[in-house]
$ cat query.cif   # mmCIF, C-alpha atoms and all ligand atoms
data_query
loop_
_atom_site.label_atom_id
_atom_site.label_comp_id
_atom_site.auth_asym_id
_atom_site.auth_seq_id
_atom_site.Cartn_x
_atom_site.Cartn_y
_atom_site.Cartn_z
CA PRO A 5 5.33 -36.21 -62.56
CA ALA A 6 5.34 -32.46 -63.14
CA ILE A 7 3.66 -30.68 -60.26
CA ALA A 8 1.94 -27.29 -60.30
CA ALA A 9 1.79 -25.23 -57.13
CA VAL A 10 -1.12 -22.97 -56.26
CA ILE A 11 -0.66 -20.26 -53.61
CA PRO A 12 -3.83 -18.44 -52.56
CA ALA A 13 -2.49 -15.00 -51.62
CA ALA A 14 -5.47 -12.74 -52.28
CA GLY A 15 -6.76 -12.35 -48.72
CA VAL A 16 -6.94 -9.06 -46.84
CA GLY A 17 -5.84 -10.41 -43.46
CA GLN A 18 -8.62 -8.84 -41.45
CA ARG A 19 -7.80 -10.67 -38.21
CA MET A 20 -4.19 -9.53 -38.42
CA GLN A 21 -5.23 -5.86 -38.14
CA ALA A 22 -2.10 -4.68 -39.94
CA ASP A 23 -1.67 -1.86 -42.47
CA LYS A 24 -1.32 -4.36 -45.34
CA PRO A 25 -2.32 -7.98 -46.01
CA LYS A 26 -0.35 -10.34 -43.77
CA GLN A 27 1.35 -12.11 -46.69
CA TYR A 28 3.23 -8.85 -47.27
CA LEU A 29 4.36 -8.27 -43.68
CA ARG A 30 8.06 -8.72 -43.08
CA LEU A 31 9.51 -11.69 -41.28
CA HIS A 32 13.27 -12.12 -41.00
CA GLY A 33 14.05 -9.67 -43.76
CA LYS A 34 11.56 -10.78 -46.36
CA THR A 35 7.84 -10.99 -46.83
CA VAL A 36 5.73 -13.82 -45.41
CA LEU A 37 4.77 -14.62 -49.02
CA GLU A 38 8.41 -15.15 -50.03
CA HIS A 39 8.91 -17.51 -47.08
CA SER A 40 5.77 -19.45 -48.06
CA VAL A 41 6.63 -19.77 -51.75
CA ARG A 42 10.31 -20.63 -51.39
CA PRO A 43 9.97 -24.23 -50.14
CA LEU A 44 7.66 -25.03 -53.07
CA LEU A 45 10.07 -23.57 -55.60
CA ALA A 46 12.83 -25.58 -53.95
CA LEU A 47 11.25 -28.70 -55.44
CA GLU A 48 12.49 -29.53 -58.92
CA ALA A 49 9.20 -31.22 -59.78
CA VAL A 50 7.35 -27.94 -59.26
CA THR A 51 7.71 -26.36 -62.69
CA ALA A 52 4.82 -23.89 -62.43
CA CYS A 53 3.62 -21.85 -59.47
CA TYR A 54 0.26 -20.09 -59.72
CA LEU A 55 -0.03 -17.16 -57.35
CA ALA A 56 -3.58 -15.92 -56.79
CA LEU A 57 -3.33 -12.22 -56.02
CA SER A 58 -5.87 -9.49 -55.51
CA GLU A 59 -6.47 -7.63 -58.79
CA GLN A 60 -5.35 -4.31 -57.35
CA ASP A 61 -2.41 -5.74 -55.40
CA PRO A 62 0.18 -2.94 -55.04
CA TYR A 63 2.66 -5.02 -53.01
CA PHE A 64 3.64 -8.02 -55.11
CA ALA A 65 5.90 -6.13 -57.52
CA ALA A 66 8.11 -4.99 -54.62
CA THR A 67 8.78 -8.54 -53.38
CA GLY A 68 11.85 -10.43 -54.50
CA LEU A 69 9.68 -13.02 -56.25
CA THR A 70 10.95 -13.13 -59.82
CA ASP A 71 11.21 -16.89 -60.41
CA PRO A 72 10.16 -17.58 -64.02
CA ARG A 73 7.92 -20.44 -62.84
CA ILE A 74 5.57 -17.95 -61.16
CA VAL A 75 2.30 -17.24 -62.96
CA ARG A 76 0.08 -14.52 -61.56
CA VAL A 77 -3.69 -15.11 -61.53
CA ASN A 78 -6.58 -13.13 -60.07
CA GLY A 79 -7.87 -14.13 -56.67
CA GLY A 80 -11.54 -14.41 -55.81
CA SER A 81 -13.85 -13.34 -53.00
CA GLU A 82 -13.00 -16.29 -50.74
CA ARG A 83 -9.99 -18.59 -50.49
CA VAL A 84 -11.77 -21.33 -52.42
CA HIS A 85 -12.45 -18.96 -55.32
CA SER A 86 -8.82 -17.91 -55.42
CA VAL A 87 -7.76 -21.56 -55.57
CA PHE A 88 -10.40 -22.37 -58.17
CA ASN A 89 -9.34 -19.46 -60.40
CA ALA A 90 -5.79 -20.76 -60.33
CA LEU A 91 -6.90 -24.35 -61.05
CA GLN A 92 -8.80 -23.09 -64.11
CA GLN A 93 -5.49 -21.92 -65.60
CA ILE A 94 -3.70 -25.24 -65.16
CA ASP A 95 -3.38 -27.76 -67.97
CA ALA A 96 -4.09 -31.00 -66.08
CA ALA A 97 -2.50 -33.11 -68.82
CA ARG A 98 0.78 -31.30 -68.31
CA TYR A 99 0.39 -31.01 -64.52
CA PRO A 100 -1.52 -34.06 -63.28
CA TRP A 101 -0.86 -33.15 -59.64
CA VAL A 102 -1.22 -29.88 -57.78
CA LEU A 103 0.10 -28.66 -54.43
CA VAL A 104 -2.01 -25.97 -52.76
CA HIS A 105 -0.29 -23.96 -50.04
CA ASP A 106 -1.46 -20.92 -48.06
CA ALA A 107 0.54 -17.74 -48.60
CA ALA A 108 0.19 -17.26 -44.85
CA ARG A 109 2.18 -20.40 -43.91
CA PRO A 110 5.81 -19.30 -44.04
CA LEU A 111 7.27 -22.11 -41.93
CA VAL A 112 6.59 -25.25 -43.93
CA ARG A 113 9.60 -27.51 -44.35
CA VAL A 114 10.69 -28.79 -47.75
CA SER A 115 11.05 -32.24 -46.16
CA ASP A 116 7.38 -32.23 -45.06
CA ILE A 117 6.27 -31.33 -48.59
CA GLN A 118 8.44 -34.12 -50.00
CA LEU A 119 6.95 -36.58 -47.52
CA LEU A 120 3.42 -35.53 -48.52
CA ILE A 121 4.20 -35.98 -52.21
CA GLU A 122 5.87 -39.37 -51.71
CA ARG A 123 3.06 -40.77 -49.57
CA CYS A 124 0.35 -39.57 -51.95
CA LEU A 125 2.07 -40.83 -55.10
CA ALA A 126 2.60 -44.18 -53.39
CA ALA A 127 -1.07 -44.31 -52.34
CA GLY A 128 -2.22 -43.14 -55.76
CA HIS A 129 -4.49 -40.45 -54.35
CA GLY A 130 -4.37 -37.05 -52.67
CA GLY A 131 -3.64 -36.04 -49.13
CA ILE A 132 -2.83 -33.26 -46.72
CA LEU A 133 -0.25 -32.33 -44.14
CA ALA A 134 -1.86 -32.47 -40.73
CA THR A 135 -0.92 -32.59 -37.09
CA PRO A 136 -2.67 -34.43 -34.26
CA VAL A 137 -4.81 -32.43 -31.84
CA ARG A 138 -3.16 -32.26 -28.42
CA ASP A 139 -5.61 -30.38 -26.22
CA THR A 140 -8.75 -31.88 -24.72
CA MET A 141 -11.50 -30.93 -27.14
CA LYS A 142 -14.93 -29.66 -26.01
CA ARG A 143 -18.15 -29.15 -27.94
CA GLY A 144 -20.60 -26.52 -26.67
CA ARG A 145 -21.78 -22.90 -26.83
CA GLN A 146 -22.02 -21.21 -23.41
CA GLN A 147 -21.53 -24.43 -21.53
CA VAL A 148 -19.70 -27.62 -22.34
CA ASN A 149 -21.99 -30.05 -24.05
CA CYS A 150 -19.45 -32.86 -24.25
CA THR A 151 -15.82 -33.79 -24.62
CA VAL A 152 -14.92 -34.81 -28.15
CA ASP A 153 -12.72 -37.88 -28.40
CA ARG A 154 -9.48 -36.52 -29.78
CA THR A 155 -8.07 -39.92 -30.75
CA ASP A 156 -8.63 -39.35 -34.46
CA LEU A 157 -8.70 -35.54 -34.53
CA TRP A 158 -6.19 -33.61 -36.63
CA HIS A 159 -5.42 -30.01 -37.50
CA ALA A 160 -5.48 -29.64 -41.29
CA LEU A 161 -2.41 -27.80 -42.57
CA THR A 162 -1.12 -27.01 -46.04
CA PRO A 163 0.23 -27.96 -48.52
CA GLN A 164 -2.58 -30.18 -49.71
CA PHE A 165 -1.74 -32.37 -52.70
CA PHE A 166 -4.32 -33.69 -55.17
CA PRO A 167 -4.79 -34.85 -58.75
CA THR A 168 -5.48 -31.61 -60.59
CA ALA A 169 -8.54 -32.65 -62.61
CA ALA A 170 -10.22 -34.39 -59.66
CA LEU A 171 -9.68 -31.40 -57.38
CA ARG A 172 -11.05 -28.95 -59.93
CA GLN A 173 -14.12 -31.12 -60.41
CA ALA A 174 -14.63 -31.59 -56.67
CA ILE A 175 -14.42 -27.86 -55.95
CA ALA A 176 -16.81 -27.01 -58.80
CA GLY A 177 -19.28 -29.59 -57.48
CA ALA A 178 -18.98 -28.55 -53.85
CA LEU A 179 -19.44 -24.86 -54.72
CA ALA A 180 -22.48 -25.64 -56.85
CA ALA A 181 -23.93 -27.65 -53.97
CA GLY A 182 -23.35 -24.79 -51.53
CA VAL A 183 -20.96 -26.81 -49.38
CA ALA A 184 -18.42 -24.89 -47.27
CA VAL A 185 -14.98 -25.42 -48.78
CA THR A 186 -12.43 -24.21 -46.26
CA ASP A 187 -9.62 -26.34 -47.64
CA GLU A 188 -9.07 -28.51 -50.69
CA ALA A 189 -9.62 -31.70 -48.72
CA SER A 190 -13.14 -30.63 -47.75
CA ALA A 191 -14.09 -30.51 -51.44
CA MET A 192 -12.52 -33.92 -52.07
CA GLU A 193 -14.34 -35.35 -49.03
CA TRP A 194 -17.60 -33.98 -50.38
CA ALA A 195 -16.81 -35.73 -53.68
CA GLN A 196 -16.13 -38.93 -51.72
CA GLN A 197 -12.51 -39.01 -52.82
CA PRO A 198 -9.89 -40.40 -50.44
CA VAL A 199 -7.66 -37.96 -48.57
CA LEU A 200 -4.47 -39.22 -46.93
CA LEU A 201 -3.39 -37.74 -43.59
CA VAL A 202 0.36 -37.16 -43.53
CA GLU A 203 1.76 -36.01 -40.21
CA GLY A 204 3.74 -32.79 -40.55
CA HIS A 205 5.45 -30.47 -38.10
CA SER A 206 3.07 -28.44 -35.93
CA ASP A 207 5.19 -25.29 -36.27
CA ASN A 208 3.80 -24.98 -39.83
CA LEU A 209 1.39 -22.39 -38.47
CA LYS A 210 -0.87 -20.06 -40.40
CA ILE A 211 -0.22 -16.40 -39.65
CA THR A 212 -3.67 -15.31 -38.50
CA ARG A 213 -3.39 -12.93 -35.54
CA PRO A 214 -0.59 -10.50 -34.56
CA ALA A 215 1.02 -12.88 -32.06
CA ASP A 216 1.47 -15.48 -34.80
CA LEU A 217 4.04 -13.30 -36.57
CA GLN A 218 6.12 -13.12 -33.39
CA LEU A 219 5.81 -16.85 -32.91
CA ALA A 220 6.86 -17.46 -36.51
CA ALA A 221 9.93 -15.25 -36.01
CA PHE A 222 10.80 -17.28 -32.93
CA TYR A 223 10.46 -20.60 -34.79
CA LEU A 224 12.62 -19.30 -37.64
CA GLU A 225 15.43 -18.68 -35.16
CA GLN A 226 15.40 -22.26 -33.93
CA PRO A 227 17.65 -24.89 -35.46
CA ARG A 228 15.46 -27.17 -37.57
N1 LIG B 1 -7.00 -16.08 -49.45
C1 LIG B 1 -7.16 -15.87 -50.82
N2 LIG B 1 -8.30 -15.28 -51.28
C2 LIG B 1 -9.26 -14.88 -50.44
C3 LIG B 1 -9.13 -15.10 -49.05
C4 LIG B 1 -7.97 -15.72 -48.57
O1 LIG B 1 -6.27 -16.21 -51.61
N3 LIG B 1 -10.34 -14.30 -50.93
C5 LIG B 1 -5.74 -16.67 -48.95
C6 LIG B 1 -5.02 -15.79 -47.96
O2 LIG B 1 -4.24 -14.82 -48.65
C7 LIG B 1 -4.22 -16.78 -47.16
C8 LIG B 1 -5.03 -18.08 -47.24
O3 LIG B 1 -6.00 -17.87 -48.26
O4 LIG B 1 -2.94 -17.02 -47.71
C9 LIG B 1 -5.65 -18.46 -45.92
O5 LIG B 1 -6.71 -17.57 -45.59
P1 LIG B 1 -6.79 -16.69 -44.26
O6 LIG B 1 -5.79 -17.12 -43.27
O7 LIG B 1 -8.21 -16.64 -43.84
O8 LIG B 1 -6.31 -15.23 -44.81
P2 LIG B 1 -7.17 -13.90 -44.91
O9 LIG B 1 -8.50 -14.21 -45.50
O10 LIG B 1 -6.31 -12.92 -45.63
O11 LIG B 1 -7.30 -13.45 -43.39
P3 LIG B 1 -8.65 -13.03 -42.61
O12 LIG B 1 -9.58 -14.22 -42.74
O13 LIG B 1 -8.21 -12.76 -41.21
O14 LIG B 1 -9.17 -11.80 -43.31
MG MG B 2 -9.89 -15.51 -44.43
#
$ encode --input "query.cif" --output "structure tokens"
Amino acid sequence: PAIAAVIPAAGVGQRMQADKPKQYLRLHGKTVLEHSVRPLLALEAVTACYLALSEQDPYFAATGLTDPRIVRVNGGSERVHSVFNALQQIDAARYPWVLVHDAARPLVRVSDIQLLIERCLAAGHGGILATPVRDTMKRGRQQVNCTVDRTDLWHALTPQFFPTAALRQAIAGALAAGVAVTDEASAMEWAQQPVLLVEGHSDNLKITRPADLQLAAFYLEQPR
């Protein structure tokens, strides 16, 4: 099927403490955003790519992103609103499936995205790239209250891949209900829709703090 991509790229990157939003910082000669978008555009099935950008974004025009599949849309006040604005623009009849990927994840492999798509299409429902938790997990505030069994604990990554109409409906419902929607899966869970866990590579990190950019540069130098 034809797949639409949605890239929320309208954040300010407060935790990064840089002079511009982290998606526009340079990594190996190009912007983080270009690294994040490229593996999606590498897929032939992705014939439209909706980029949610801040309305007064002065940086996008200077990137090398000129692929004709890119459609620029306005971002919103939180990630979920940026994603929802993009989903509103998508014709679900033409694009029955949508891949949502953070602009701040420049290291995702094309092969991981392909695996996610294959597994979800085979299952007939949506899913996410995720990686198993490795550390011992604690719950508590000042003191440890308990150790959380990590057997079934995962880190949720992106891309996340869902039927377009179902995702749009789930997000609208979750927002109306005041539920926290920190990723697409959380809206689908709220709507009691199944979400497949597809194990991806743990180096698919989200650039969040300054050290993450250095780590990403290191990973990019490794053979993969
Ligand atoms: N994002 C977005 N619209 C927003 C907020 C975030 O499109 N209103 C995007 C970011 O650009 C990023 C992704 O969502 O690609 C993940 O969000 P996060 O890592 O939290 O990025 P920021 O919100 O920019 O960073 P911070 O929370 O540190 O300010
Ligand atoms: Mg944020």
$ residues_near_ligand --input "query.cif" --ligand "ligand LIG 1 (chain B)" --cutoff "7 Å" --atoms "only C-alpha atoms and all ligand atoms" --output "ChimeraX atom specification"
/A:12-20,25-27,56-57,79-83,85-87,106-108,210-212
$ closest_residue --input "query.cif" --among "A:Val75, A:Leu103, A:Val185, A:Leu219" --to "ligand MG 2 (chain B)" --atoms "all atoms listed in the file"
A:Val185
$ residues_around --input "query.cif" --residues "stretch 32-36 of chain A" --least-positions-apart "6" --cutoff "10 Å" --atoms "only C-alpha atoms" --output "tab-separated table (two decimals) with C-alpha atoms, in the coordinates of the input"
chain	number	residue	atom	x	y	z
A	25	PRO	CA	-2.32	-7.98	-46.01
A	26	LYS	CA	-0.35	-10.34	-43.77
A	64	PHE	CA	3.64	-8.02	-55.11
A	66	ALA	CA	8.11	-4.99	-54.62
A	67	THR	CA	8.78	-8.54	-53.38
A	68	GLY	CA	11.85	-10.43	-54.50
A	69	LEU	CA	9.68	-13.02	-56.25
A	107	ALA	CA	0.54	-17.74	-48.60
A	108	ALA	CA	0.19	-17.26	-44.85
A	109	ARG	CA	2.18	-20.40	-43.91
A	110	PRO	CA	5.81	-19.30	-44.04
A	111	LEU	CA	7.27	-22.11	-41.93
A	211	ILE	CA	-0.22	-16.40	-39.65
A	217	LEU	CA	4.04	-13.30	-36.57
A	220	ALA	CA	6.86	-17.46	-36.51
A	221	ALA	CA	9.93	-15.25	-36.01
A	222	PHE	CA	10.80	-17.28	-32.93
A	224	LEU	CA	12.62	-19.30	-37.64
A	225	GLU	CA	15.43	-18.68	-35.16
$ atom_distance --input "query.cif" --atom1 "atom CA of A:Phe165" --atom2 "atom CA of A:Ile74"
18.2 Å
$ closest_residue --input "query.cif" --among "A:Gln218, A:Thr168, A:Asn78, A:Asn149" --to "A:Pro100" --atoms "only C-alpha atoms"
A:Thr168
$ residues_around --input "query.cif" --residues "stretch 200-208 of chain A" --least-positions-apart "3" --cutoff "7 Å" --atoms "only C-alpha atoms" --output "ChimeraX atom specification"
/A:109,111-112,116,120,124,130-135
$ atom_distance --input "query.cif" --atom1 "atom CA of A:Val77" --atom2 "atom CA of A:Ala52"
12.3 Å
$ atom_distance --input "query.cif" --atom1 "atom CA of A:Leu91" --atom2 "atom CA of A:Val10"
7.6 Å
$ closest_residue --input "query.cif" --among "A:Asp187, A:Gly144, A:Arg73, A:Tyr54" --to "ligand MG 2 (chain B)" --atoms "all atoms listed in the file"
A:Asp187
$ closest_residue --input "query.cif" --among "A:Ala49, A:Leu44, A:Ile117, A:Ala176" --to "A:Gln92" --atoms "only C-alpha atoms"
A:Ala176
$ closest_residue --input "query.cif" --among "A:Gln196, A:Gln226, A:Asn89, A:Thr186" --to "ligand MG 2 (chain B)" --atoms "only C-alpha atoms and all ligand atoms"
A:Thr186
$ closest_residue --input "query.cif" --among "A:Val137, A:Val152, A:Val84, A:Ala178" --to "ligand MG 2 (chain B)" --atoms "all atoms listed in the file"
A:Val84
$ axis_aligned_box --input "query.cif" --around "stretch 107-123 of chain A" --padding-each-side "3 Å" --output "AutoDock Vina command-line options"
--center_x 5.6 --center_y -29.0 --center_z -47.1 --size_x 16.9 --size_y 29.5 --size_z 16.3
$ residues_near_point --input "query.cif" --point "(10.8, -25.3, -60.8)" --cutoff "10 Å" --atoms "all atoms listed in the file" --output "list of chain:residue names"
A:Ala6, A:Ile7, A:Ala8, A:Ala9, A:Leu44, A:Leu45, A:Ala46, A:Leu47, A:Glu48, A:Ala49, A:Val50, A:Thr51, A:Ala52, A:Cys53, A:Asp71, A:Pro72, A:Arg73, A:Ile74
